[in-house]
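> This is coords_34.cif, which holds mmCIF, N, CA, C and O atoms:
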```cif
data_work
loop_
_atom_site.label_atom_id
_atom_site.label_comp_id
_atom_site.auth_asym_id
_atom_site.auth_seq_id
_atom_site.Cartn_x
_atom_site.Cartn_y
_atom_site.Cartn_z
N MET A 1 170.58 319.32 -35.03
CA MET A 1 169.47 318.80 -34.25
C MET A 1 168.16 318.90 -35.02
O MET A 1 167.36 317.98 -34.98
N LYS A 2 167.95 320.03 -35.74
CA LYS A 2 166.72 320.19 -36.50
C LYS A 2 166.63 319.16 -37.61
O LYS A 2 165.56 318.64 -37.89
N LYS A 3 167.77 318.84 -38.23
CA LYS A 3 167.77 317.85 -39.31
C LYS A 3 167.41 316.47 -38.76
O LYS A 3 166.68 315.73 -39.40
N LEU A 4 167.91 316.14 -37.60
CA LEU A 4 167.61 314.85 -36.99
C LEU A 4 166.14 314.75 -36.62
O LEU A 4 165.50 313.73 -36.87
N THR A 5 165.57 315.82 -36.08
CA THR A 5 164.15 315.84 -35.71
C THR A 5 163.28 315.71 -36.95
O THR A 5 162.30 314.96 -36.96
N LEU A 6 163.62 316.43 -38.01
CA LEU A 6 162.86 316.36 -39.25
C LEU A 6 162.94 314.96 -39.86
O LEU A 6 161.94 314.42 -40.31
N ALA A 7 164.13 314.37 -39.83
CA ALA A 7 164.29 313.02 -40.37
C ALA A 7 163.45 312.02 -39.58
O ALA A 7 162.82 311.13 -40.13
N GLY A 8 163.44 312.18 -38.26
CA GLY A 8 162.63 311.30 -37.42
C GLY A 8 161.15 311.45 -37.68
O GLY A 8 160.40 310.47 -37.73
N LEU A 9 160.70 312.68 -37.88
CA LEU A 9 159.30 312.95 -38.18
C LEU A 9 158.90 312.33 -39.52
O LEU A 9 157.86 311.69 -39.63
N LEU A 10 159.74 312.50 -40.52
CA LEU A 10 159.45 311.90 -41.83
C LEU A 10 159.40 310.38 -41.76
O LEU A 10 158.55 309.75 -42.36
N LEU A 11 160.32 309.78 -41.01
CA LEU A 11 160.32 308.33 -40.84
C LEU A 11 159.04 307.87 -40.14
O LEU A 11 158.41 306.90 -40.56
N ALA A 12 158.62 308.59 -39.12
CA ALA A 12 157.40 308.22 -38.39
C ALA A 12 156.18 308.32 -39.29
O ALA A 12 155.31 307.44 -39.28
N LEU A 13 156.09 309.38 -40.08
CA LEU A 13 154.95 309.53 -41.00
C LEU A 13 154.94 308.44 -42.05
O LEU A 13 153.90 307.87 -42.36
N THR A 14 156.09 308.12 -42.62
CA THR A 14 156.18 307.07 -43.64
C THR A 14 155.78 305.72 -43.06
O THR A 14 155.06 304.96 -43.68
N THR A 15 156.25 305.44 -41.86
CA THR A 15 155.93 304.17 -41.22
C THR A 15 154.44 304.06 -40.93
O THR A 15 153.82 303.05 -41.19
N SER A 16 153.84 305.12 -40.41
CA SER A 16 152.41 305.05 -40.08
C SER A 16 151.55 304.91 -41.33
O SER A 16 150.53 304.25 -41.32
N ILE A 17 151.97 305.51 -42.43
CA ILE A 17 151.21 305.38 -43.67
C ILE A 17 151.29 303.96 -44.20
O ILE A 17 150.32 303.38 -44.65
N SER A 18 152.47 303.34 -44.12
CA SER A 18 152.63 301.99 -44.66
C SER A 18 151.92 300.94 -43.80
O SER A 18 151.57 299.88 -44.27
N VAL A 19 151.72 301.22 -42.51
CA VAL A 19 151.06 300.29 -41.61
C VAL A 19 149.54 300.46 -41.63
O VAL A 19 148.80 299.58 -41.26
N ALA A 20 149.06 301.59 -42.08
CA ALA A 20 147.63 301.86 -42.09
C ALA A 20 146.88 300.81 -42.90
O ALA A 20 147.37 300.31 -43.90
N ALA A 21 145.71 300.48 -42.43
CA ALA A 21 144.89 299.47 -43.10
C ALA A 21 144.48 299.95 -44.49
O ALA A 21 144.18 301.12 -44.69
N ASP A 22 144.46 299.03 -45.43
CA ASP A 22 144.05 299.32 -46.81
C ASP A 22 142.56 299.00 -46.94
O ASP A 22 142.18 297.83 -46.96
N ASP A 23 141.74 300.05 -47.03
CA ASP A 23 140.28 299.87 -47.10
C ASP A 23 139.87 298.98 -48.27
O ASP A 23 139.02 298.10 -48.11
N ASP A 24 140.46 299.18 -49.44
CA ASP A 24 140.09 298.39 -50.61
C ASP A 24 140.40 296.91 -50.41
O ASP A 24 139.61 296.04 -50.80
N ALA A 25 141.53 296.61 -49.78
CA ALA A 25 141.90 295.22 -49.53
C ALA A 25 140.92 294.58 -48.54
O ALA A 25 140.52 293.42 -48.70
N MET A 26 140.53 295.34 -47.51
CA MET A 26 139.57 294.80 -46.53
C MET A 26 138.21 294.59 -47.18
O MET A 26 137.54 293.59 -46.92
N ILE A 27 137.79 295.51 -48.03
CA ILE A 27 136.51 295.38 -48.72
C ILE A 27 136.51 294.14 -49.59
O ILE A 27 135.57 293.34 -49.57
N ASP A 28 137.58 293.93 -50.36
CA ASP A 28 137.68 292.75 -51.23
C ASP A 28 137.69 291.46 -50.42
O ASP A 28 137.02 290.49 -50.77
N ALA A 29 138.45 291.45 -49.33
CA ALA A 29 138.54 290.25 -48.50
C ALA A 29 137.20 289.93 -47.86
O ALA A 29 136.76 288.77 -47.85
N CYS A 30 136.52 290.93 -47.34
CA CYS A 30 135.23 290.71 -46.69
C CYS A 30 134.18 290.29 -47.70
O CYS A 30 133.39 289.38 -47.44
N ARG A 31 134.17 290.91 -48.87
CA ARG A 31 133.21 290.54 -49.92
C ARG A 31 133.41 289.07 -50.32
O ARG A 31 132.45 288.32 -50.44
N GLY A 32 134.65 288.67 -50.52
CA GLY A 32 134.94 287.28 -50.88
C GLY A 32 134.55 286.29 -49.79
O GLY A 32 134.00 285.23 -50.05
N TYR A 33 134.85 286.65 -48.55
CA TYR A 33 134.51 285.80 -47.41
C TYR A 33 133.00 285.63 -47.31
O TYR A 33 132.50 284.52 -47.13
N ALA A 34 132.27 286.74 -47.45
CA ALA A 34 130.81 286.70 -47.37
C ALA A 34 130.22 285.88 -48.52
O ALA A 34 129.31 285.07 -48.32
N ALA A 35 130.74 286.09 -49.73
CA ALA A 35 130.23 285.34 -50.89
C ALA A 35 130.40 283.85 -50.66
O ALA A 35 129.50 283.06 -50.93
N SER A 36 131.54 283.46 -50.12
CA SER A 36 131.82 282.04 -49.87
C SER A 36 130.93 281.48 -48.76
O SER A 36 130.35 280.40 -48.91
N HIS A 37 130.81 282.19 -47.66
CA HIS A 37 130.06 281.67 -46.51
C HIS A 37 128.55 281.80 -46.63
O HIS A 37 127.82 281.07 -45.96
N LEU A 38 128.08 282.71 -47.47
CA LEU A 38 126.63 282.90 -47.62
C LEU A 38 126.12 282.38 -48.96
O LEU A 38 124.95 282.55 -49.29
N ASN A 39 127.00 281.75 -49.74
CA ASN A 39 126.63 281.25 -51.07
C ASN A 39 125.96 282.34 -51.90
O ASN A 39 124.91 282.13 -52.50
N ALA A 40 126.56 283.51 -51.92
CA ALA A 40 126.00 284.66 -52.61
C ALA A 40 126.91 285.11 -53.75
O ALA A 40 128.12 284.86 -53.73
N ASP A 41 126.33 285.78 -54.72
CA ASP A 41 127.09 286.36 -55.83
C ASP A 41 127.83 287.59 -55.30
O ASP A 41 127.22 288.51 -54.76
N ALA A 42 129.15 287.60 -55.45
CA ALA A 42 129.96 288.72 -54.95
C ALA A 42 129.53 290.06 -55.54
O ALA A 42 129.67 291.10 -54.90
N GLY A 43 128.97 290.05 -56.74
CA GLY A 43 128.51 291.28 -57.37
C GLY A 43 127.29 291.89 -56.70
O GLY A 43 126.95 293.04 -56.95
N LYS A 44 126.61 291.11 -55.85
CA LYS A 44 125.41 291.60 -55.16
C LYS A 44 125.70 291.90 -53.69
O LYS A 44 124.77 292.06 -52.90
N ILE A 45 126.96 291.95 -53.35
CA ILE A 45 127.35 292.20 -51.97
C ILE A 45 127.90 293.62 -51.84
O ILE A 45 128.84 293.99 -52.53
N ASN A 46 127.28 294.40 -50.96
CA ASN A 46 127.72 295.77 -50.69
C ASN A 46 128.41 295.80 -49.33
O ASN A 46 127.87 295.28 -48.36
N VAL A 47 129.59 296.40 -49.27
CA VAL A 47 130.33 296.49 -48.01
C VAL A 47 130.86 297.90 -47.79
O VAL A 47 131.05 298.65 -48.74
N SER A 48 131.08 298.24 -46.53
CA SER A 48 131.67 299.53 -46.18
C SER A 48 132.52 299.39 -44.93
O SER A 48 132.15 298.70 -43.99
N VAL A 49 133.66 300.06 -44.95
CA VAL A 49 134.58 300.04 -43.81
C VAL A 49 134.10 301.07 -42.80
O VAL A 49 133.75 302.20 -43.15
N GLN A 50 134.07 300.67 -41.54
CA GLN A 50 133.63 301.54 -40.46
C GLN A 50 134.84 302.09 -39.70
O GLN A 50 135.96 301.67 -39.92
N THR A 51 134.59 303.00 -38.78
CA THR A 51 135.65 303.56 -37.95
C THR A 51 136.20 302.49 -37.01
O THR A 51 135.43 301.69 -36.46
N ALA A 52 137.51 302.50 -36.82
CA ALA A 52 138.14 301.51 -35.93
C ALA A 52 137.58 301.63 -34.52
O ALA A 52 137.26 302.72 -34.04
N ARG A 53 137.47 300.48 -33.86
CA ARG A 53 136.98 300.45 -32.48
C ARG A 53 138.09 300.85 -31.51
O ARG A 53 139.26 300.97 -31.89
N VAL A 54 137.74 301.00 -30.25
CA VAL A 54 138.69 301.39 -29.22
C VAL A 54 139.84 300.37 -29.12
O VAL A 54 140.99 300.73 -28.90
N ASP A 55 139.53 299.08 -29.34
CA ASP A 55 140.58 298.05 -29.25
C ASP A 55 141.42 297.97 -30.52
O ASP A 55 142.33 297.16 -30.62
N GLY A 56 141.11 298.81 -31.51
CA GLY A 56 141.90 298.85 -32.74
C GLY A 56 141.36 298.01 -33.88
O GLY A 56 141.76 298.19 -35.03
N THR A 57 140.45 297.07 -33.58
CA THR A 57 139.89 296.25 -34.64
C THR A 57 139.02 297.11 -35.56
O THR A 57 138.50 298.14 -35.16
N ILE A 58 138.89 296.65 -36.81
CA ILE A 58 138.19 297.44 -37.82
C ILE A 58 137.00 296.65 -38.35
O ILE A 58 137.17 295.61 -38.97
N PRO A 59 135.78 297.14 -38.12
CA PRO A 59 134.60 296.45 -38.64
C PRO A 59 134.32 296.84 -40.10
O PRO A 59 134.49 297.99 -40.49
N VAL A 60 133.93 295.84 -40.87
CA VAL A 60 133.48 296.06 -42.24
C VAL A 60 132.08 295.48 -42.32
O VAL A 60 131.90 294.27 -42.18
N ASN A 61 131.09 296.33 -42.50
CA ASN A 61 129.69 295.91 -42.55
C ASN A 61 129.26 295.66 -43.98
O ASN A 61 129.76 296.31 -44.90
N GLY A 62 128.31 294.73 -44.15
CA GLY A 62 127.83 294.47 -45.49
C GLY A 62 126.44 293.89 -45.52
O GLY A 62 125.88 293.52 -44.48
N GLU A 63 125.92 293.83 -46.74
CA GLU A 63 124.60 293.24 -46.96
C GLU A 63 124.57 292.64 -48.35
O GLU A 63 125.29 293.07 -49.24
N VAL A 64 123.72 291.62 -48.50
CA VAL A 64 123.52 290.98 -49.80
C VAL A 64 122.24 291.56 -50.38
O VAL A 64 121.17 291.40 -49.78
N GLU A 65 122.36 292.23 -51.51
CA GLU A 65 121.20 292.90 -52.14
C GLU A 65 120.03 291.95 -52.33
O GLU A 65 120.19 290.82 -52.80
N GLY A 66 118.85 292.42 -51.96
CA GLY A 66 117.62 291.70 -52.22
C GLY A 66 117.34 290.51 -51.32
O GLY A 66 116.37 289.80 -51.53
N THR A 67 118.20 290.27 -50.32
CA THR A 67 117.99 289.10 -49.47
C THR A 67 117.67 289.45 -48.02
O THR A 67 117.14 288.61 -47.30
N GLY A 68 118.04 290.63 -47.60
CA GLY A 68 117.87 290.99 -46.20
C GLY A 68 119.00 290.48 -45.32
O GLY A 68 119.03 290.77 -44.12
N LEU A 69 119.94 289.74 -45.89
CA LEU A 69 121.07 289.23 -45.11
C LEU A 69 122.07 290.35 -44.87
O LEU A 69 122.43 291.09 -45.79
N THR A 70 122.53 290.47 -43.63
CA THR A 70 123.58 291.41 -43.29
C THR A 70 124.72 290.64 -42.64
O THR A 70 124.52 289.51 -42.16
N PHE A 71 125.90 291.23 -42.63
CA PHE A 71 127.05 290.56 -42.05
C PHE A 71 128.09 291.58 -41.62
O PHE A 71 128.00 292.76 -41.96
N GLN A 72 129.06 291.11 -40.85
CA GLN A 72 130.18 291.96 -40.46
C GLN A 72 131.44 291.12 -40.38
O GLN A 72 131.46 290.05 -39.77
N CYS A 73 132.49 291.61 -41.02
CA CYS A 73 133.83 291.06 -40.90
C CYS A 73 134.58 292.01 -39.97
O CYS A 73 134.53 293.23 -40.16
N THR A 74 135.26 291.48 -38.98
CA THR A 74 136.09 292.31 -38.11
C THR A 74 137.54 291.98 -38.40
O THR A 74 137.93 290.81 -38.34
N PHE A 75 138.31 293.01 -38.73
CA PHE A 75 139.72 292.83 -39.07
C PHE A 75 140.61 293.20 -37.89
O PHE A 75 140.24 294.02 -37.05
N ASN A 76 141.81 292.62 -37.86
CA ASN A 76 142.80 292.98 -36.86
C ASN A 76 143.18 294.46 -37.05
O ASN A 76 142.85 295.05 -38.08
N PRO A 77 143.84 295.09 -36.08
CA PRO A 77 144.16 296.51 -36.19
C PRO A 77 144.96 296.90 -37.45
O PRO A 77 144.84 298.01 -37.93
N ALA A 78 145.73 295.97 -37.98
CA ALA A 78 146.50 296.27 -39.20
C ALA A 78 145.63 296.15 -40.45
O ALA A 78 146.03 296.56 -41.53
N GLY A 79 144.44 295.56 -40.31
CA GLY A 79 143.54 295.40 -41.45
C GLY A 79 143.96 294.30 -42.40
O GLY A 79 143.55 294.30 -43.56
N THR A 80 144.73 293.35 -41.91
CA THR A 80 145.28 292.31 -42.78
C THR A 80 144.60 290.95 -42.64
O THR A 80 144.83 290.06 -43.47
N ARG A 81 143.79 290.76 -41.59
CA ARG A 81 143.20 289.45 -41.36
C ARG A 81 141.83 289.58 -40.69
O ARG A 81 141.66 290.38 -39.78
N ILE A 82 140.88 288.77 -41.15
CA ILE A 82 139.56 288.73 -40.51
C ILE A 82 139.70 287.92 -39.22
O ILE A 82 140.14 286.78 -39.25
N VAL A 83 139.32 288.54 -38.11
CA VAL A 83 139.45 287.87 -36.81
C VAL A 83 138.09 287.49 -36.22
O VAL A 83 138.03 286.74 -35.25
N GLU A 84 137.01 288.03 -36.80
CA GLU A 84 135.67 287.69 -36.32
C GLU A 84 134.68 287.85 -37.46
O GLU A 84 134.82 288.74 -38.30
N TRP A 85 133.67 286.97 -37.49
CA TRP A 85 132.66 286.98 -38.55
C TRP A 85 131.30 286.84 -37.90
O TRP A 85 131.10 286.03 -36.99
N TRP A 86 130.34 287.62 -38.36
CA TRP A 86 128.96 287.54 -37.90
C TRP A 86 128.05 287.70 -39.10
O TRP A 86 128.36 288.46 -40.03
N ASN A 87 126.93 286.96 -39.11
CA ASN A 87 125.93 287.17 -40.17
C ASN A 87 124.55 286.94 -39.61
O ASN A 87 124.38 286.30 -38.57
N SER A 88 123.55 287.47 -40.31
CA SER A 88 122.16 287.41 -39.83
C SER A 88 121.39 286.20 -40.35
O SER A 88 120.18 286.12 -40.13
N ALA A 89 122.06 285.27 -41.03
CA ALA A 89 121.37 284.09 -41.55
C ALA A 89 120.83 283.25 -40.39
O ALA A 89 121.48 283.12 -39.36
N PRO A 90 119.64 282.69 -40.54
CA PRO A 90 119.10 281.83 -39.48
C PRO A 90 120.03 280.66 -39.19
O PRO A 90 120.68 280.14 -40.09
N GLU A 91 120.09 280.26 -37.93
CA GLU A 91 120.99 279.17 -37.55
C GLU A 91 120.36 277.80 -37.68
O GLU A 91 121.05 276.82 -37.87
N ASN A 92 119.05 277.68 -37.56
CA ASN A 92 118.40 276.38 -37.62
C ASN A 92 117.85 276.12 -39.02
O ASN A 92 117.27 276.99 -39.65
N CYS A 93 118.01 274.90 -39.47
CA CYS A 93 117.51 274.52 -40.79
C CYS A 93 116.04 274.12 -40.69
O CYS A 93 115.65 273.44 -39.74
N PRO A 94 115.23 274.55 -41.65
CA PRO A 94 113.83 274.10 -41.65
C PRO A 94 113.76 272.61 -41.98
O PRO A 94 114.69 272.04 -42.55
N SER A 95 112.65 271.98 -41.61
CA SER A 95 112.53 270.53 -41.85
C SER A 95 112.53 270.19 -43.33
O SER A 95 113.02 269.14 -43.73
N ASP A 96 112.03 271.06 -44.17
CA ASP A 96 112.02 270.79 -45.61
C ASP A 96 112.70 271.96 -46.33
O ASP A 96 112.05 272.92 -46.71
N ILE A 97 113.99 271.84 -46.52
CA ILE A 97 114.77 272.93 -47.11
C ILE A 97 114.36 273.21 -48.56
O ILE A 97 114.51 274.32 -49.05
N SER A 98 113.78 272.23 -49.25
CA SER A 98 113.39 272.45 -50.64
C SER A 98 112.32 273.52 -50.77
O SER A 98 112.19 274.14 -51.82
N GLU A 99 111.56 273.75 -49.72
CA GLU A 99 110.50 274.75 -49.78
C GLU A 99 110.91 276.09 -49.20
O GLU A 99 110.18 277.05 -49.29
N ALA A 100 112.08 276.14 -48.62
CA ALA A 100 112.56 277.40 -48.03
C ALA A 100 113.27 278.23 -49.09
O ALA A 100 113.63 277.73 -50.15
N ASN A 101 113.44 279.47 -48.81
CA ASN A 101 114.28 280.30 -49.67
C ASN A 101 115.72 279.91 -49.39
O ASN A 101 116.26 280.24 -48.35
N ARG A 102 116.33 279.23 -50.31
CA ARG A 102 117.67 278.64 -50.10
C ARG A 102 118.70 279.66 -49.62
O ARG A 102 119.52 279.36 -48.77
N TYR A 103 118.67 280.88 -50.13
CA TYR A 103 119.67 281.87 -49.76
C TYR A 103 119.62 282.25 -48.29
O TYR A 103 120.59 282.74 -47.73
N LEU A 104 118.49 282.01 -47.64
CA LEU A 104 118.38 282.33 -46.23
C LEU A 104 119.05 281.30 -45.32
O LEU A 104 119.26 281.54 -44.15
N TYR A 105 119.38 280.14 -45.90
CA TYR A 105 119.94 279.04 -45.10
C TYR A 105 121.23 278.52 -45.74
O TYR A 105 121.29 277.39 -46.21
N PRO A 106 122.29 279.34 -45.76
CA PRO A 106 123.50 278.94 -46.47
C PRO A 106 124.19 277.70 -45.88
O PRO A 106 124.90 277.00 -46.58
N GLY A 107 123.96 277.40 -44.60
CA GLY A 107 124.60 276.25 -43.99
C GLY A 107 123.81 274.96 -44.06
O GLY A 107 124.26 273.92 -43.61
N CYS A 108 122.63 274.98 -44.63
CA CYS A 108 121.77 273.80 -44.67
C CYS A 108 121.99 273.02 -45.97
O CYS A 108 122.19 273.60 -47.02
N GLU A 109 121.92 271.74 -45.86
CA GLU A 109 122.09 270.86 -47.05
C GLU A 109 120.75 270.40 -47.56
O GLU A 109 119.80 270.26 -46.94
#
```
Let me see the file written as structure tokens.

Amino acid sequence: MKKLTLAGLLLALTTSISVAADDDAMIDACRGYAASHLNADAGKINVSVQTARVDGTIPVNGEVEGTGLTFQCTFNPAGTRIVEWWNSAPENCPSDISEANRYLYPGCE
């Protein structure tokens, strides 16, 4: 009986470790997503994984150096897919984008 209990415990620990979210993978995915959506250099993007929420989702917060832009990627509980995206970029385009700071308006043409 003790051998069976020990084997079950080892299996449970191994399974939980393999299912745990990979912080480095989430950081890389969020950095790439932010670089693409904010037209920013990935080398100037700082990100950090936060504590999982009550619903199990995992927030990864970030900012683009020198721009004041902040963002958040929210990952599923397994940490394998971005399920929500938020950023602080203004939503409305100015009438003359050529005079605006382009990095502040990543969605404007």
> Given the file above and the PyMOL selection byres ((chain A and resi 58-64) around 6), which residues are selected, and can you give them as a list in words?
Lys44, Ile45, Asn46, Val47, Ser48, Val49, Gln50, Thr51, Ala52, Arg53, Gly56, Thr57, Glu65, Gly66, Thr67, Gly68, Leu69, Thr70, Phe71, Gln72, Cys73, Thr74, Phe75, Asn76 and Pro77 of chain A
> Of the candidates A:Ser88, A:Asp55, A:Ala40, A:Ala78, which one gets nearest to Ala25 in chain A if we count only C-alpha atoms?
A:Ala78
> Quick one, how far is atom N of Ser36 in chain A from CA of Ala89 in chain A?
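Between these atoms lies a distance of 13.3 Å.
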> Taking the file above as input, evaluate the PyMOL selection byres (((chain A and resi 30 and name CA) around 8) and name CA) and report the hits as a ChimeraX atom specification.
/A:26-29,31-34,47,60,73,82
> Could you please take those selected residues and save N, CA, C and O atoms as a short mmCIF file (atom, residue, chain, number, x, y, z; two decimals), keeping the file's coordinate frame?

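result03.cif, freshly written:
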```
data_model
loop_
_atom_site.label_atom_id
_atom_site.label_comp_id
_atom_site.auth_asym_id
_atom_site.auth_seq_id
_atom_site.Cartn_x
_atom_site.Cartn_y
_atom_site.Cartn_z
N MET A 26 140.53 295.34 -47.51
CA MET A 26 139.57 294.80 -46.53
C MET A 26 138.21 294.59 -47.18
O MET A 26 137.54 293.59 -46.92
N ILE A 27 137.79 295.51 -48.03
CA ILE A 27 136.51 295.38 -48.72
C ILE A 27 136.51 294.14 -49.59
O ILE A 27 135.57 293.34 -49.57
N ASP A 28 137.58 293.93 -50.36
CA ASP A 28 137.68 292.75 -51.23
C ASP A 28 137.69 291.46 -50.42
O ASP A 28 137.02 290.49 -50.77
N ALA A 29 138.45 291.45 -49.33
CA ALA A 29 138.54 290.25 -48.50
C ALA A 29 137.20 289.93 -47.86
O ALA A 29 136.76 288.77 -47.85
N ARG A 31 134.17 290.91 -48.87
CA ARG A 31 133.21 290.54 -49.92
C ARG A 31 133.41 289.07 -50.32
O ARG A 31 132.45 288.32 -50.44
N GLY A 32 134.65 288.67 -50.52
CA GLY A 32 134.94 287.28 -50.88
C GLY A 32 134.55 286.29 -49.79
O GLY A 32 134.00 285.23 -50.05
N TYR A 33 134.85 286.65 -48.55
CA TYR A 33 134.51 285.80 -47.41
C TYR A 33 133.00 285.63 -47.31
O TYR A 33 132.50 284.52 -47.13
N ALA A 34 132.27 286.74 -47.45
CA ALA A 34 130.81 286.70 -47.37
C ALA A 34 130.22 285.88 -48.52
O ALA A 34 129.31 285.07 -48.32
N VAL A 47 129.59 296.40 -49.27
CA VAL A 47 130.33 296.49 -48.01
C VAL A 47 130.86 297.90 -47.79
O VAL A 47 131.05 298.65 -48.74
N VAL A 60 133.93 295.84 -40.87
CA VAL A 60 133.48 296.06 -42.24
C VAL A 60 132.08 295.48 -42.32
O VAL A 60 131.90 294.27 -42.18
N CYS A 73 132.49 291.61 -41.02
CA CYS A 73 133.83 291.06 -40.90
C CYS A 73 134.58 292.01 -39.97
O CYS A 73 134.53 293.23 -40.16
N ILE A 82 140.88 288.77 -41.15
CA ILE A 82 139.56 288.73 -40.51
C ILE A 82 139.70 287.92 -39.22
O ILE A 82 140.14 286.78 -39.25
#
```
> Distance CA of Asp24 in chain A-CA of Thr80 in chain A, one decimal place?
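Answer for the CA of Asp24 in chain A to CA of Thr80 in chain A separation: 11.2 Å.
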> CA of Asn39 in chain A and atom N of Glu84 in chain A are how many Å apart?
18.9 Å
> Where atoms are missing, can you supply all heavy atoms for range 69-76 of chain A and output the lot as an mmCIF file, keeping the file's coordinate frame?

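Done, and the output landed in result_22.cif:
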```
data_model
loop_
_atom_site.group_PDB
_atom_site.id
_atom_site.type_symbol
_atom_site.label_atom_id
_atom_site.label_comp_id
_atom_site.auth_asym_id
_atom_site.auth_seq_id
_atom_site.Cartn_x
_atom_site.Cartn_y
_atom_site.Cartn_z
ATOM 1 N N LEU A 69 119.940 289.740 -45.890
ATOM 2 C CA LEU A 69 121.070 289.230 -45.110
ATOM 3 C C LEU A 69 122.070 290.350 -44.870
ATOM 4 O O LEU A 69 122.430 291.090 -45.790
ATOM 5 C CB LEU A 69 121.779 288.100 -45.847
ATOM 6 C CG LEU A 69 121.044 286.775 -45.951
ATOM 7 C CD1 LEU A 69 121.813 285.801 -46.833
ATOM 8 C CD2 LEU A 69 120.842 286.177 -44.571
ATOM 9 N N THR A 70 122.530 290.470 -43.630
ATOM 10 C CA THR A 70 123.580 291.410 -43.290
ATOM 11 C C THR A 70 124.720 290.640 -42.640
ATOM 12 O O THR A 70 124.520 289.510 -42.160
ATOM 13 C CB THR A 70 123.072 292.502 -42.320
ATOM 14 O OG1 THR A 70 122.579 291.880 -41.138
ATOM 15 C CG2 THR A 70 121.980 293.347 -42.970
ATOM 16 N N PHE A 71 125.900 291.230 -42.630
ATOM 17 C CA PHE A 71 127.050 290.560 -42.050
ATOM 18 C C PHE A 71 128.090 291.580 -41.620
ATOM 19 O O PHE A 71 128.000 292.760 -41.960
ATOM 20 C CB PHE A 71 127.669 289.563 -43.042
ATOM 21 C CG PHE A 71 128.112 290.195 -44.327
ATOM 22 C CD1 PHE A 71 129.392 290.720 -44.455
ATOM 23 C CD2 PHE A 71 127.255 290.276 -45.413
ATOM 24 C CE1 PHE A 71 129.795 291.317 -45.635
ATOM 25 C CE2 PHE A 71 127.652 290.860 -46.596
ATOM 26 C CZ PHE A 71 128.929 291.385 -46.706
ATOM 27 N N GLN A 72 129.060 291.110 -40.850
ATOM 28 C CA GLN A 72 130.180 291.960 -40.460
ATOM 29 C C GLN A 72 131.440 291.120 -40.380
ATOM 30 O O GLN A 72 131.460 290.050 -39.770
ATOM 31 C CB GLN A 72 129.935 292.618 -39.105
ATOM 32 C CG GLN A 72 131.050 293.580 -38.705
ATOM 33 C CD GLN A 72 130.753 294.281 -37.405
ATOM 34 O OE1 GLN A 72 130.951 293.711 -36.338
ATOM 35 N NE2 GLN A 72 130.270 295.509 -37.504
ATOM 36 N N CYS A 73 132.490 291.610 -41.020
ATOM 37 C CA CYS A 73 133.830 291.060 -40.900
ATOM 38 C C CYS A 73 134.580 292.010 -39.970
ATOM 39 O O CYS A 73 134.530 293.230 -40.160
ATOM 40 C CB CYS A 73 134.568 291.055 -42.233
ATOM 41 S SG CYS A 73 133.753 290.153 -43.557
ATOM 42 N N THR A 74 135.260 291.480 -38.980
ATOM 43 C CA THR A 74 136.090 292.310 -38.110
ATOM 44 C C THR A 74 137.540 291.980 -38.400
ATOM 45 O O THR A 74 137.930 290.810 -38.340
ATOM 46 C CB THR A 74 135.766 292.048 -36.622
ATOM 47 O OG1 THR A 74 134.381 292.345 -36.399
ATOM 48 C CG2 THR A 74 136.619 292.920 -35.720
ATOM 49 N N PHE A 75 138.310 293.010 -38.730
ATOM 50 C CA PHE A 75 139.720 292.830 -39.070
ATOM 51 C C PHE A 75 140.610 293.200 -37.890
ATOM 52 O O PHE A 75 140.240 294.020 -37.050
ATOM 53 C CB PHE A 75 140.088 293.734 -40.257
ATOM 54 C CG PHE A 75 139.584 293.213 -41.571
ATOM 55 C CD1 PHE A 75 138.279 293.421 -41.953
ATOM 56 C CD2 PHE A 75 140.420 292.496 -42.414
ATOM 57 C CE1 PHE A 75 137.806 292.940 -43.160
ATOM 58 C CE2 PHE A 75 139.956 292.003 -43.616
ATOM 59 C CZ PHE A 75 138.650 292.219 -43.997
ATOM 60 N N ASN A 76 141.810 292.620 -37.860
ATOM 61 C CA ASN A 76 142.800 292.980 -36.860
ATOM 62 C C ASN A 76 143.180 294.460 -37.050
ATOM 63 O O ASN A 76 142.850 295.050 -38.080
ATOM 64 C CB ASN A 76 144.011 292.060 -36.933
ATOM 65 C CG ASN A 76 144.774 292.167 -38.238
ATOM 66 O OD1 ASN A 76 144.369 292.834 -39.185
ATOM 67 N ND2 ASN A 76 145.894 291.487 -38.308
#
```
